[in-house]
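J.: First, the structure itself, so that you have it in front of you.
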Amino acid sequence: MDSILSNAREVQELVMVDRVRIERVTEVFDRATGETVETVSLVWEGKARLPRADAASRIAHGAGEATPADPVVLIPWNVEGVRANDRVTVTNSVSPGMTGRVLWVTDTSPRTFQSAIHLTCREVRNASRLE
């Protein structure tokens with residue numbers, strides 16, 4: 001079983017031809033200024049496999065655009081620390097129109113015999129789900 005899982009992980013990484021940056025965005029109230037300050041910290045950066053980005057996969061949404069299905073971004077199986085509400089920015093892609101795309105992680109649930117981490121995302125940030 002170990003060799004099958006090892007081979008599956010190798011194959012998954014071979015098809016990760018895009019690159020993403022995953023960041024954690026937090027808001028902190030600054031008592032001195034009376035303003036809320038947004039801070040961004042890097043969680044992870046590296047290779048990924050991305051969802052399709054064609055016009056047919058998008059729908060209009062009051063806060064911007066959203067996809068009818070939750071897009072899934074695949075990253076290597078051994079990446080640690082990604083959580084719901086982290087921001088995924090596509091930094092490089094072989095597909096036209098993907099670079100610069102921003103997604104928000106909604107779920108990182110592990111799987112049995114995981115060969116890649118599947119980040120379930122949305123394109124519109126849902127502020128009510130922030131921790």
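Labeling convention for the structure tokens: chains A, B, ... as they appear, residues from 1 per chain, ligands from 1 in order of appearance.
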Excluding His118 (chain A) and residues on its chain fewer than 2 positions from it, collect all residues at most 9 Å away from it, counting only C-alpha atoms, and give them as an MDAnalysis selection string.
T.: chainID A and resid 72:75 77 107:111 116 120
J.: Give the strand (DSSP E or B) residues of chain A, as DSSP finds them on the backbone, and put them as a ChimeraX atom specification.
T.: /A:18-30,35-49,59-61,64-66,72-76,87-92,102-107,116-122
J.: Pick out the residues sitting within 12 Å of Ile4 (chain A), and hand them over as a list of chain:residue names; count only C-alpha atoms, and ignore anything fewer than 3 positions along from it in its own chain.
T.: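 Here the qualifying residues turn out to be A:Met1, A:Asn7, A:Ala8, A:Arg9, A:Glu10, A:Val11, A:Phe113, A:Gln114, A:Ser115.
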J.: Please identify the alpha helix (DSSP H) residues within chain A (assignment by DSSP from backbone atoms) and present them as a list in words.
T.: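 So, restricting chain A to alpha helix (DSSP H), we get Asp2, Ser3, Ile4, Leu5, Ser6, Asn7, Ala8, Arg9, Glu10, Val11, Gln12, Glu13 and Leu14 of chain A.
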J.: Grab the CA of Thr106 (chain A) to CA of Asp70 (chain A) distance for me, in Å with one decimal place.
T.: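 These two atoms are separated by 8.9 Å.
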J.: Check the smallest atom-to-atom distance from each of A:Thr33, A:Thr99, A:Thr91, A:Ser3 to Gly46 (chain A) using only C-alpha atoms, then report the winner.
T.: A:Thr91
J.: State, in Å with one decimal place, the distance from CA of Asn92 (chain A) to CA of Val124 (chain A).
T.: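 Value for the CA of Asn92 (chain A)-CA of Val124 (chain A) distance: 20.3 Å.
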J.: For a quick check of understanding, using only C-alpha atoms, which of A:Leu103, A:Ala32, A:Ser95, A:Ile117 has the smallest distance to Glu80 (chain A)?
T.: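 Among the listed residues, A:Ile117 lies closest to Glu80 (chain A).
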J.: Of the residues A:Arg31, A:Leu14, A:Lys47, A:Ile22, which is the one nearest to Val88 (chain A), using only C-alpha atoms?
T.: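 Result for the nearest residue to Val88 (chain A): A:Ile22.
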J.: Which residue gives the smallest distance to Pro96 (chain A) among A:Glu45, A:Asp18, A:Glu123, A:Glu35, with only C-alpha atoms counted?
T.: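 Closest to Pro96 (chain A) of all the choices is A:Asp18.
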